[in-house]
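Student: Got a file for you: run-v8.txt, compact mmCIF, C-alpha atoms.
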# COMPACT_ATOMS: atom_id res chain seq x y z
CA MET A 1 -27.02 10.52 -70.71
CA ASP A 2 -28.29 14.01 -70.03
CA PHE A 3 -30.40 14.73 -67.01
CA ARG A 4 -32.73 17.69 -67.31
CA LEU A 5 -34.23 18.78 -64.07
CA GLY A 6 -35.87 21.73 -65.82
CA VAL A 7 -38.42 19.44 -67.49
CA VAL A 8 -39.70 18.40 -64.06
CA LEU A 9 -39.82 21.94 -62.68
CA SER A 10 -41.65 23.33 -65.70
CA ASN A 11 -44.33 20.64 -65.30
CA TYR A 12 -44.93 21.24 -61.64
CA PRO A 13 -48.73 21.95 -61.68
CA PRO A 14 -49.88 18.38 -62.50
CA LEU A 15 -47.28 16.96 -60.13
CA LEU A 16 -48.49 19.22 -57.33
CA GLU A 17 -52.07 18.14 -58.05
CA GLY A 18 -50.83 14.56 -57.83
CA VAL A 19 -49.26 15.17 -54.42
CA LEU A 20 -52.49 16.72 -53.13
CA LEU A 21 -54.58 13.82 -54.44
CA THR A 22 -52.17 11.34 -52.85
CA LEU A 23 -52.44 13.08 -49.46
CA TRP A 24 -56.21 13.38 -49.79
CA ALA A 25 -56.58 9.66 -50.53
CA ALA A 26 -54.37 8.81 -47.57
CA ALA A 27 -56.44 11.09 -45.33
CA VAL A 28 -59.73 9.49 -46.43
CA ALA A 29 -58.33 5.99 -45.89
CA LEU A 30 -56.90 6.96 -42.50
CA THR A 31 -60.24 8.37 -41.32
CA ILE A 32 -62.15 5.25 -42.40
CA GLY A 33 -59.44 3.02 -40.93
CA VAL A 34 -59.40 4.72 -37.53
CA ALA A 35 -63.20 4.81 -37.24
CA LEU A 36 -63.76 1.19 -38.28
CA GLY A 37 -60.63 0.03 -36.47
CA ALA A 38 -61.89 1.53 -33.19
CA LEU A 39 -65.22 -0.19 -33.77
CA GLY A 40 -63.51 -3.50 -34.51
CA CYS A 41 -61.34 -3.15 -31.41
CA ALA A 42 -64.40 -2.40 -29.26
CA VAL A 43 -66.12 -5.51 -30.58
CA ARG A 44 -63.09 -7.70 -29.97
CA LEU A 45 -62.74 -6.43 -26.40
CA SER A 46 -66.45 -6.73 -25.65
CA GLY A 47 -66.13 -10.49 -25.41
CA ARG A 48 -69.11 -11.47 -27.57
CA PRO A 49 -68.03 -14.70 -29.23
CA LEU A 50 -70.10 -14.42 -32.41
CA LEU A 51 -69.22 -10.79 -33.18
CA ASP A 52 -65.62 -11.46 -32.21
CA ARG A 53 -65.48 -14.22 -34.78
CA VAL A 54 -66.89 -11.93 -37.48
CA VAL A 55 -64.28 -9.25 -36.74
CA ARG A 56 -61.49 -11.81 -36.69
CA GLY A 57 -62.61 -13.10 -40.08
CA TYR A 58 -62.67 -9.54 -41.40
CA VAL A 59 -59.16 -8.86 -40.11
CA LEU A 60 -57.84 -12.11 -41.55
CA PHE A 61 -59.41 -11.51 -44.95
CA PHE A 62 -58.24 -7.93 -45.33
CA ARG A 63 -54.74 -8.61 -44.05
CA THR A 64 -54.21 -11.64 -46.30
CA THR A 65 -55.65 -10.53 -49.64
CA PRO A 66 -53.41 -8.26 -51.72
CA GLU A 67 -54.61 -4.62 -51.71
CA MET A 68 -54.23 -4.47 -55.48
CA VAL A 69 -56.69 -7.35 -55.97
CA LEU A 70 -59.20 -5.74 -53.61
CA ILE A 71 -58.96 -2.41 -55.42
CA PHE A 72 -59.57 -4.07 -58.77
CA TRP A 73 -62.49 -6.01 -57.35
CA GLY A 74 -63.98 -2.83 -55.92
CA TYR A 75 -63.49 -0.87 -59.10
CA PHE A 76 -64.92 -3.43 -61.51
CA CYS A 77 -67.46 -5.33 -59.40
CA VAL A 78 -69.09 -2.79 -57.07
CA PRO A 79 -70.66 -0.72 -59.89
CA TYR A 80 -71.85 -3.95 -61.47
CA LEU A 81 -73.26 -5.47 -58.27
CA PHE A 82 -74.93 -2.41 -56.78
CA GLN A 83 -75.69 -0.44 -59.94
CA LEU A 84 -73.67 2.42 -58.45
CA LYS A 85 -71.33 4.84 -60.09
CA VAL A 86 -68.34 5.34 -57.83
CA SER A 87 -65.21 7.17 -58.98
CA GLY A 88 -61.86 5.44 -58.95
CA PHE A 89 -60.68 7.81 -56.26
CA TRP A 90 -63.46 6.91 -53.84
CA THR A 91 -63.36 3.19 -54.60
CA GLY A 92 -59.61 3.09 -54.05
CA SER A 93 -59.60 5.22 -50.92
CA ILE A 94 -62.46 3.28 -49.35
CA VAL A 95 -60.78 -0.06 -50.10
CA LEU A 96 -57.52 1.18 -48.59
CA GLY A 97 -59.55 2.41 -45.59
CA LEU A 98 -61.14 -1.03 -45.15
CA VAL A 99 -57.70 -2.66 -45.27
CA ALA A 100 -56.34 -0.10 -42.79
CA ALA A 101 -59.28 -0.86 -40.47
CA ALA A 102 -58.13 -4.48 -40.26
CA TYR A 103 -54.63 -3.44 -39.21
CA PHE A 104 -55.89 -0.72 -36.84
CA THR A 105 -58.25 -3.15 -35.09
CA GLU A 106 -55.25 -5.22 -34.09
CA ILE A 107 -53.04 -2.20 -33.25
CA PHE A 108 -55.75 -0.73 -30.99
CA ARG A 109 -56.47 -4.05 -29.32
CA ALA A 110 -52.80 -4.76 -28.69
CA GLY A 111 -52.41 -1.27 -27.20
CA VAL A 112 -55.35 -1.64 -24.80
CA GLN A 113 -54.35 -5.16 -23.78
CA ALA A 114 -50.79 -4.04 -23.08
CA VAL A 115 -52.02 -1.82 -20.25
CA PRO A 116 -51.09 -3.74 -17.09
CA ARG A 117 -53.99 -5.66 -15.57
CA GLY A 118 -53.25 -4.06 -12.18
CA GLN A 119 -54.17 -0.64 -13.58
CA ILE A 120 -57.66 -1.83 -14.43
CA GLU A 121 -58.02 -3.64 -11.11
CA GLY A 122 -56.90 -0.41 -9.45
CA THR A 123 -59.69 1.55 -11.11
CA LEU A 124 -62.18 -1.08 -10.04
CA ALA A 125 -60.90 -0.95 -6.45
CA LEU A 126 -61.26 2.84 -6.55
CA GLY A 127 -64.80 2.43 -7.81
CA LEU A 128 -64.22 4.42 -10.99
CA ARG A 129 -67.01 4.31 -13.52
CA ARG A 130 -66.49 3.26 -17.10
CA TYR A 131 -65.92 6.76 -18.52
CA PRO A 132 -63.15 7.95 -16.11
CA ARG A 133 -61.62 4.49 -16.22
CA TRP A 134 -61.11 4.73 -19.96
CA ARG A 135 -60.53 8.48 -20.21
CA PHE A 136 -57.98 8.87 -17.42
CA VAL A 137 -56.39 5.46 -16.90
CA ILE A 138 -56.56 3.05 -19.84
CA LEU A 139 -56.48 5.31 -22.92
CA PRO A 140 -53.57 7.58 -21.90
CA GLN A 141 -51.39 4.52 -21.37
CA ALA A 142 -52.67 2.62 -24.39
CA LEU A 143 -52.33 5.57 -26.80
CA ARG A 144 -48.65 5.92 -26.02
CA LEU A 145 -48.14 2.33 -27.17
CA MET A 146 -50.40 2.67 -30.21
CA VAL A 147 -48.86 5.76 -31.78
CA PRO A 148 -45.61 4.23 -33.17
CA PRO A 149 -47.32 1.36 -35.03
CA LEU A 150 -50.05 3.76 -36.18
CA VAL A 151 -47.52 6.17 -37.70
CA ASN A 152 -45.73 3.20 -39.18
CA TYR A 153 -48.89 1.92 -40.83
CA PHE A 154 -49.64 5.42 -42.08
CA THR A 155 -46.38 5.30 -44.06
CA GLU A 156 -47.58 2.01 -45.59
CA LEU A 157 -50.86 3.70 -46.40
CA LEU A 158 -49.06 6.53 -48.19
CA LYS A 159 -47.17 3.97 -50.26
CA ASN A 160 -50.37 2.09 -51.02
CA THR A 161 -52.05 5.21 -52.44
CA THR A 162 -49.88 4.60 -55.52
CA LEU A 163 -52.06 1.55 -56.22
CA LEU A 164 -54.87 3.95 -57.13
CA SER A 165 -52.92 4.82 -60.26
CA SER A 166 -53.80 1.39 -61.65
CA ILE A 167 -57.50 2.29 -61.75
CA GLY A 168 -56.82 5.65 -63.38
CA VAL A 169 -56.68 8.00 -60.39
CA ALA A 170 -54.28 10.80 -61.32
CA GLU A 171 -52.26 10.76 -58.12
CA LEU A 172 -48.55 11.48 -58.06
CA ALA A 173 -47.30 8.20 -59.55
CA LEU A 174 -49.70 8.26 -62.49
CA GLN A 175 -49.02 11.95 -63.22
CA ALA A 176 -45.29 11.28 -63.34
CA TYR A 177 -45.74 8.19 -65.52
CA LEU A 178 -47.93 10.09 -67.99
CA LEU A 179 -45.59 13.09 -68.10
CA GLY A 180 -42.66 10.73 -68.57
CA GLY A 181 -44.44 9.17 -71.53
CA GLN A 182 -45.28 12.53 -73.10
CA THR A 183 -41.76 13.90 -72.83
CA TYR A 184 -39.71 10.67 -72.98
CA ARG A 185 -38.12 11.87 -69.74
CA TYR A 186 -38.93 8.89 -67.54
CA VAL A 187 -35.67 9.14 -65.62
CA GLU A 188 -36.30 12.71 -64.50
CA PHE A 189 -39.97 12.36 -63.61
CA LEU A 190 -39.80 8.97 -61.93
CA SER A 191 -36.68 9.88 -59.94
CA ALA A 192 -38.25 13.18 -58.90
CA ILE A 193 -41.40 11.56 -57.53
CA ALA A 194 -39.37 8.86 -55.80
CA LEU A 195 -37.65 11.71 -53.95
CA VAL A 196 -41.01 13.31 -53.14
CA TYR A 197 -42.30 10.06 -51.62
CA PHE A 198 -39.06 9.68 -49.73
CA ALA A 199 -39.31 13.23 -48.40
CA ILE A 200 -42.81 12.54 -47.06
CA ILE A 201 -42.37 8.98 -45.79
CA PHE A 202 -38.84 8.97 -44.38
CA PRO A 203 -39.41 11.62 -41.66
CA LEU A 204 -42.57 9.80 -40.59
CA SER A 205 -40.82 6.45 -40.26
CA MET A 206 -37.98 8.11 -38.35
CA ALA A 207 -40.52 9.66 -35.97
CA SER A 208 -42.18 6.29 -35.53
CA ARG A 209 -38.87 4.64 -34.70
CA ARG A 210 -38.02 7.37 -32.18
CA LEU A 211 -41.42 7.14 -30.50
CA GLU A 212 -41.09 3.38 -30.34
CA ARG A 213 -37.75 3.67 -28.57
CA ARG A 214 -39.23 6.16 -26.11
CA ALA A 215 -42.27 3.99 -25.44
CA GLY A 216 -39.98 1.00 -24.92
CA SER A 217 -37.82 2.83 -22.40
CA HIS A 218 -40.64 3.17 -19.86
CA MET B 1 -78.93 -4.20 -55.50
CA ASP B 2 -79.79 -6.14 -58.59
CA TRP B 3 -80.25 -9.74 -57.51
CA SER B 4 -80.59 -11.04 -61.03
CA ILE B 5 -76.83 -10.58 -61.38
CA LEU B 6 -76.23 -13.03 -58.56
CA THR B 7 -78.65 -15.61 -59.88
CA GLY B 8 -77.05 -15.20 -63.29
CA PHE B 9 -73.60 -15.86 -61.87
CA ASP B 10 -71.83 -17.78 -64.60
CA PHE B 11 -69.90 -20.66 -63.06
CA ALA B 12 -69.09 -22.11 -66.47
CA VAL B 13 -66.91 -19.08 -67.24
CA ILE B 14 -65.00 -19.54 -63.99
CA TRP B 15 -64.50 -23.21 -64.68
CA ARG B 16 -63.30 -22.59 -68.22
CA TYR B 17 -60.78 -19.92 -67.30
CA LEU B 18 -59.64 -21.24 -63.94
CA PRO B 19 -56.44 -22.75 -65.43
CA ALA B 20 -55.49 -19.33 -66.87
CA LEU B 21 -56.07 -17.68 -63.50
CA LEU B 22 -54.06 -20.36 -61.71
CA THR B 23 -51.20 -19.86 -64.16
CA GLY B 24 -51.28 -16.18 -63.24
CA LEU B 25 -51.33 -17.01 -59.54
CA TRP B 26 -48.33 -19.27 -60.06
CA THR B 27 -46.37 -16.23 -61.31
CA ASN B 28 -47.20 -14.46 -58.04
CA VAL B 29 -46.07 -17.45 -56.00
CA LEU B 30 -42.89 -17.75 -58.05
CA LEU B 31 -42.12 -14.05 -57.55
CA THR B 32 -42.82 -14.43 -53.82
CA GLY B 33 -40.37 -17.33 -53.56
CA LEU B 34 -37.67 -15.67 -55.66
CA GLY B 35 -38.10 -12.37 -53.84
CA PHE B 36 -37.91 -14.03 -50.44
CA VAL B 37 -34.84 -16.15 -51.17
CA ALA B 38 -32.84 -13.75 -53.34
CA GLY B 39 -33.92 -10.55 -51.61
CA GLY B 40 -34.84 -11.48 -48.07
CA VAL B 41 -32.30 -14.18 -47.33
CA VAL B 42 -29.30 -13.56 -49.61
CA LEU B 43 -29.16 -9.82 -50.35
CA GLY B 44 -30.77 -8.97 -47.00
CA THR B 45 -28.00 -10.79 -45.13
CA VAL B 46 -25.29 -9.18 -47.24
CA LEU B 47 -26.72 -5.71 -46.59
CA ALA B 48 -27.12 -6.40 -42.87
CA ILE B 49 -23.51 -7.56 -42.52
CA ALA B 50 -22.26 -4.61 -44.58
CA ASN B 51 -24.07 -2.43 -42.07
CA PHE B 52 -21.60 -3.58 -39.41
CA SER B 53 -18.55 -2.86 -41.55
CA PRO B 54 -15.88 -0.78 -39.80
CA TYR B 55 -15.46 1.26 -43.00
CA ARG B 56 -17.71 4.24 -43.42
CA ILE B 57 -17.41 4.00 -47.21
CA VAL B 58 -19.15 0.62 -47.07
CA ARG B 59 -21.66 1.49 -44.34
CA TRP B 60 -23.03 4.76 -45.66
CA PRO B 61 -24.11 3.65 -49.16
CA VAL B 62 -25.80 0.62 -47.59
CA VAL B 63 -27.71 2.78 -45.10
CA VAL B 64 -28.80 5.18 -47.85
CA PHE B 65 -29.85 2.28 -50.10
CA VAL B 66 -31.88 0.59 -47.35
CA GLU B 67 -33.61 3.76 -46.17
CA PHE B 68 -34.40 4.82 -49.71
CA TRP B 69 -35.91 1.50 -50.74
CA ARG B 70 -37.89 1.31 -47.52
CA SER B 71 -39.33 4.79 -47.84
CA THR B 72 -40.56 4.69 -51.44
CA PRO B 73 -43.56 2.78 -52.85
CA LEU B 74 -42.95 -0.52 -54.66
CA LEU B 75 -45.12 0.62 -57.56
CA VAL B 76 -42.85 3.61 -58.18
CA GLN B 77 -39.78 1.39 -57.79
CA ALA B 78 -41.16 -1.06 -60.35
CA ILE B 79 -41.94 1.54 -63.02
CA TRP B 80 -38.65 3.26 -62.29
CA MET B 81 -36.84 -0.04 -62.83
CA HIS B 82 -38.63 -0.67 -66.09
CA PHE B 83 -38.69 2.80 -67.66
CA ALA B 84 -35.88 4.84 -66.07
CA PHE B 85 -33.17 2.31 -65.21
CA PRO B 86 -32.69 1.00 -68.82
CA VAL B 87 -32.21 4.59 -70.05
CA MET B 88 -29.52 5.17 -67.45
CA SER B 89 -27.74 1.83 -67.73
CA GLY B 90 -28.32 0.94 -71.38
CA LEU B 91 -29.51 -2.52 -70.29
CA GLN B 92 -32.85 -3.59 -71.72
CA THR B 93 -34.86 -5.69 -69.27
CA THR B 94 -38.06 -7.63 -69.81
CA PRO B 95 -41.03 -6.64 -67.62
CA PHE B 96 -40.56 -9.78 -65.53
CA GLN B 97 -36.90 -9.00 -64.94
CA SER B 98 -37.66 -5.39 -63.98
CA ALA B 99 -40.44 -6.51 -61.64
CA LEU B 100 -38.24 -9.14 -60.02
CA LEU B 101 -35.35 -6.71 -59.60
CA ALA B 102 -37.56 -4.08 -57.95
CA LEU B 103 -39.08 -6.72 -55.67
CA VAL B 104 -35.71 -8.18 -54.69
CA PHE B 105 -34.29 -4.77 -53.74
CA ASN B 106 -37.45 -3.82 -51.88
CA VAL B 107 -37.57 -7.06 -49.90
CA ALA B 108 -33.82 -6.95 -49.24
CA ALA B 109 -34.12 -3.48 -47.72
CA TYR B 110 -36.93 -4.62 -45.41
CA CYS B 111 -35.33 -7.87 -44.40
CA SER B 112 -31.88 -6.38 -43.84
CA GLU B 113 -33.39 -4.44 -40.93
CA ILE B 114 -34.82 -7.63 -39.45
CA ILE B 115 -31.50 -9.42 -39.87
CA ARG B 116 -29.59 -6.45 -38.45
CA ALA B 117 -31.80 -6.50 -35.36
CA GLY B 118 -31.12 -10.23 -35.01
CA ILE B 119 -27.37 -9.67 -35.21
CA LEU B 120 -27.63 -6.92 -32.59
CA GLY B 121 -29.34 -9.51 -30.39
CA VAL B 122 -26.16 -11.62 -30.31
CA PRO B 123 -24.23 -10.61 -27.16
CA ARG B 124 -21.19 -8.42 -27.76
CA GLY B 125 -19.07 -10.85 -25.79
CA GLN B 126 -19.39 -13.35 -28.64
CA PHE B 127 -17.66 -10.96 -31.06
CA GLU B 128 -14.99 -10.24 -28.47
CA ALA B 129 -14.45 -13.93 -27.71
CA ALA B 130 -14.09 -14.69 -31.43
CA ARG B 131 -11.54 -11.91 -31.67
CA ALA B 132 -9.66 -13.13 -28.63
CA LEU B 133 -9.48 -16.58 -30.21
CA GLY B 134 -7.93 -14.97 -33.27
CA LEU B 135 -10.76 -15.97 -35.63
CA SER B 136 -10.79 -14.15 -38.96
CA ARG B 137 -13.71 -11.89 -39.78
CA PRO B 138 -15.43 -14.28 -42.25
CA VAL B 139 -15.13 -17.16 -39.79
CA THR B 140 -16.49 -15.00 -36.97
CA TRP B 141 -19.58 -14.15 -39.02
CA TYR B 142 -20.13 -17.58 -40.51
CA LYS B 143 -19.38 -19.79 -37.50
CA VAL B 144 -20.11 -17.61 -34.46
CA VAL B 145 -22.49 -14.73 -35.07
CA LEU B 146 -24.90 -15.87 -37.80
CA PRO B 147 -25.78 -19.28 -36.27
CA GLN B 148 -26.85 -17.52 -33.08
CA ALA B 149 -28.61 -14.67 -34.89
CA VAL B 150 -30.63 -17.10 -37.05
CA LYS B 151 -32.78 -18.12 -34.09
CA ILE B 152 -33.85 -14.51 -33.53
CA ILE B 153 -34.21 -13.75 -37.22
CA VAL B 154 -36.25 -16.68 -38.56
CA PRO B 155 -39.71 -15.99 -37.04
CA PRO B 156 -40.01 -12.34 -38.20
CA LEU B 157 -38.39 -13.21 -41.53
CA ILE B 158 -41.02 -15.85 -42.20
CA GLY B 159 -43.62 -13.23 -41.31
CA THR B 160 -42.53 -11.15 -44.30
CA VAL B 161 -43.56 -13.85 -46.79
CA ILE B 162 -47.22 -12.80 -46.71
CA SER B 163 -46.26 -9.14 -47.24
CA ILE B 164 -44.10 -10.18 -50.20
CA PHE B 165 -47.01 -12.15 -51.66
CA LYS B 166 -49.29 -9.12 -51.32
CA ALA B 167 -46.60 -6.94 -52.89
CA THR B 168 -46.29 -9.19 -55.97
CA ALA B 169 -49.81 -8.17 -56.99
CA ILE B 170 -48.54 -4.59 -57.31
CA LEU B 171 -46.01 -5.73 -59.91
CA SER B 172 -48.88 -6.32 -62.37
CA VAL B 173 -48.46 -2.64 -63.37
CA LEU B 174 -45.66 -3.98 -65.55
CA ALA B 175 -46.82 -6.35 -68.24
CA ILE B 176 -46.09 -9.61 -66.42
CA ASN B 177 -48.55 -12.45 -66.71
CA ASP B 178 -49.64 -12.53 -63.07
CA LEU B 179 -53.07 -13.09 -61.50
CA LEU B 180 -54.32 -9.53 -61.97
CA ARG B 181 -53.07 -9.16 -65.55
CA ALA B 182 -54.71 -12.48 -66.42
CA SER B 183 -57.93 -11.35 -64.72
CA SER B 184 -58.18 -8.03 -66.50
CA ARG B 185 -57.48 -9.68 -69.84
CA LEU B 186 -60.06 -12.39 -69.22
CA SER B 187 -62.63 -9.94 -67.94
CA SER B 188 -62.45 -7.78 -71.04
CA TYR B 189 -62.48 -10.89 -73.22
CA THR B 190 -65.50 -12.54 -71.58
CA PHE B 191 -67.39 -9.42 -70.37
CA LYS B 192 -67.80 -11.17 -67.02
CA PRO B 193 -65.86 -8.95 -64.60
CA LEU B 194 -67.84 -10.07 -61.55
CA GLU B 195 -67.09 -13.76 -62.01
CA ILE B 196 -63.45 -13.28 -62.98
CA TYR B 197 -62.46 -10.73 -60.33
CA THR B 198 -64.35 -12.48 -57.54
CA THR B 199 -62.58 -15.73 -58.38
CA ALA B 200 -59.25 -13.91 -58.55
CA ALA B 201 -59.81 -12.31 -55.12
CA LEU B 202 -60.78 -15.64 -53.57
CA LEU B 203 -57.78 -17.39 -55.13
CA ALA B 204 -55.45 -14.69 -53.80
CA PHE B 205 -57.01 -14.92 -50.34
CA VAL B 206 -56.74 -18.72 -50.21
CA CYS B 207 -53.17 -18.62 -51.47
CA GLY B 208 -52.22 -15.98 -48.90
CA LEU B 209 -53.93 -18.03 -46.19
CA LEU B 210 -51.98 -21.15 -47.15
CA LEU B 211 -48.73 -19.16 -47.08
CA THR B 212 -49.60 -17.82 -43.62
CA ILE B 213 -50.42 -21.28 -42.28
CA ALA B 214 -47.25 -22.76 -43.81
CA GLY B 215 -45.29 -19.91 -42.22
CA HIS B 216 -46.76 -20.60 -38.77
CA ARG B 217 -45.93 -24.30 -39.12
CA LEU B 218 -42.36 -23.51 -40.13
CA GLU B 219 -42.00 -21.03 -37.30
CA ARG B 220 -43.18 -23.59 -34.76
CA TYR B 221 -40.85 -26.17 -36.24
CA PHE B 222 -37.91 -23.80 -35.81
CA ARG B 223 -38.91 -22.94 -32.25
CA ARG B 224 -39.17 -26.60 -31.32
CA SER B 225 -35.84 -27.55 -32.89
CA GLU B 226 -34.29 -24.67 -30.98
CA GLY B 227 -35.64 -25.98 -27.66
CA GLY B 228 -34.55 -29.60 -28.36
Take the structure in this file and express it as structure tokens.
Tutor:
Amino acid sequence: MDFRLGVVLSNYPPLLEGVLLTLWAAAVALTIGVALGALGCAVRLSGRPLLDRVVRGYVLFFRTTPEMVLIFWGYFCVPYLFQLKVSGFWTGSIVLGLVAAAYFTEIFRAGVQAVPRGQIEGTLALGLRRYPRWRFVILPQALRLMVPPLVNYFTELLKNTTLLSSIGVAELALQAYLLGGQTYRYVEFLSAIALVYFAIIFPLSMASRRLERRAGSH
Amino acid sequence: MDWSILTGFDFAVIWRYLPALLTGLWTNVLLTGLGFVAGGVVLGTVLAIANFSPYRIVRWPVVVFVEFWRSTPLLVQAIWMHFAFPVMSGLQTTPFQSALLALVFNVAAYCSEIIRAGILGVPRGQFEAARALGLSRPVTWYKVVLPQAVKIIVPPLIGTVISIFKATAILSVLAINDLLRASSRLSSYTFKPLEIYTTAALLAFVCGLLLTIAGHRLERYFRRSEGG
């Protein structure tokens, strides 16, 4: 079979748009995930049994239900339920953000709880107030532990942005699929975007692995 | 919010089409099982062992394969398998076969890392002792290393089942008759998207929950049998 790379290069504008939309969706989901995840973590650490139970239910639901099902539900049911018009891009990104929040809640909590108890007792013995306790003692130690799993989940998030293609968002995967259909050059387009995803995701997962090793060596 | 939609929630539609949705869900469960056994256990182990081969010509392709399948999205892998692979190989696959193949490779790449880590957890002295006893390489793997590695590998390997289940929903981009395909067909047939998709989401959640609980049980069973 003949392999024509030229057909991919000459169609670069829609592919580039696809890459940008993919990154934009990942950024939106990451922002929502970090914000809600921090909130969820705060609730879980606050020790209020009722709220804690709500957050745990949230985490369980969003970590157990397939993202694809949630995206379809959001796309077809939210406009119907709330009489709202939301684009596929925003529905998909928000759903991915809500799923990310469930994972981030647990990553943040695990990070804070991994800080040795003696450190917190030390701050109490020193009479530190809440702000310096968190700002100078707990967070610097917890963040170092949180970063590797966070980067790792971000790579999952990048992969999950492809699910938006199923509700018609013209991100990278859908652009390549459509171009492949127009030109009958599926091999070229699909292989090319697989390489693009690899080029974005692989360095991130390598960085995550390296950071994990460094955090473990302390 | 329009409350009349909630009061008009049509349970009869759900009841009528529940069997169709369950049939779809069964496809997801079947794919999860096949993906876990063929990809996670069988191919994953083969890849992990190949990773320890003394020959670079065996090791390098395996490393490239694993890293590539881990760093690309399953959705792209699935459409690549269905639309690009047949052009290259001349083999025509059904959507189900393409979906299963993509899933198996994806899961194998993930699980081979878990299995590799388990093998690394077996003390080096065990390899050396097997060598000193003059055991052949297959016997060393089968009788010495793997039985010890299994104890380390099983808990995280069981943990992947829920991720595999979630991943099977992605495979609905190919025309396989899974839960989501069934839902979108039923929703356009009945004009009741709210009822159909809500039921589908709840079914998927309950099924995932059952898989998680079964996994925890199995994990505990393995831990106990290890202690006894």
Student: To one decimal place in Å, what is the distance between CA of Thr31 (chain A) and CA of Pro13 (chain A)?
Tutor: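 So the answer is 27.0 Å.
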Student: Show me, as JSON, numbers by chain, the residues of chain B whose atoms get within 9 Å of chain A, using all atoms listed in the file for the distance check.
Tutor: {"B": [1, 2, 3, 5, 6, 67, 68, 69, 70, 71, 72, 73, 74, 75, 76, 77, 79, 80, 83, 84, 85, 87, 88, 162, 163, 165, 166, 167, 168, 169, 170, 172, 173, 179, 180, 184, 193, 194, 195, 197, 198, 200, 201, 202, 204, 205, 206, 207, 208, 209, 212]}
Student: Would you kindly return, as JSON, numbers by chain, each protein, DNA or RNA residue with an atom no farther than 9 Å from any atom of Val154 (chain B), considering all atoms listed in the file and excluding same-chain residues fewer than 5 positions away?
Tutor: {"B": [115, 118, 149, 159, 219, 222]}
Student: Find the distance between CA of His82 (chain B) and CA of Phe96 (chain B) and write it in Å to one decimal.
Tutor: 9.3 Å
Student: Just to confirm, what's the straight-line distance from CA of Thr183 (chain A) to CA of Leu101 (chain B) in Å (one decimal)?
Tutor: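 Result for CA of Thr183 (chain A) versus CA of Leu101 (chain B): 25.3 Å, one decimal.
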Student: Generate N, CA and C atoms for region 92-103 of chain A and emit them as a short mmCIF file (atom, residue, chain, number, x, y, z; two decimals), in the frame of the given file.
Tutor:
data_model
loop_
_atom_site.label_atom_id
_atom_site.label_comp_id
_atom_site.auth_asym_id
_atom_site.auth_seq_id
_atom_site.Cartn_x
_atom_site.Cartn_y
_atom_site.Cartn_z
N GLY A 92 -60.95 3.42 -54.54
CA GLY A 92 -59.61 3.09 -54.05
C GLY A 92 -59.41 3.51 -52.61
N SER A 93 -59.81 4.73 -52.28
CA SER A 93 -59.60 5.22 -50.92
C SER A 93 -60.39 4.40 -49.91
N ILE A 94 -61.64 4.05 -50.28
CA ILE A 94 -62.46 3.28 -49.35
C ILE A 94 -61.86 1.89 -49.15
N VAL A 95 -61.40 1.27 -50.24
CA VAL A 95 -60.78 -0.06 -50.10
C VAL A 95 -59.55 0.03 -49.20
N LEU A 96 -58.70 1.04 -49.44
CA LEU A 96 -57.52 1.18 -48.59
C LEU A 96 -57.93 1.43 -47.14
N GLY A 97 -59.04 2.17 -46.94
CA GLY A 97 -59.55 2.41 -45.59
C GLY A 97 -60.01 1.12 -44.93
N LEU A 98 -60.67 0.25 -45.70
CA LEU A 98 -61.14 -1.03 -45.15
C LEU A 98 -59.95 -1.91 -44.77
N VAL A 99 -58.90 -1.87 -45.60
CA VAL A 99 -57.70 -2.66 -45.27
C VAL A 99 -57.05 -2.08 -44.01
N ALA A 100 -56.94 -0.74 -43.96
CA ALA A 100 -56.34 -0.10 -42.79
C ALA A 100 -57.11 -0.46 -41.53
N ALA A 101 -58.45 -0.53 -41.63
CA ALA A 101 -59.28 -0.86 -40.47
C ALA A 101 -58.87 -2.20 -39.87
N ALA A 102 -58.54 -3.16 -40.75
CA ALA A 102 -58.13 -4.48 -40.26
C ALA A 102 -56.85 -4.38 -39.43
N TYR A 103 -55.89 -3.60 -39.94
CA TYR A 103 -54.63 -3.44 -39.21
C TYR A 103 -54.86 -2.65 -37.92
#
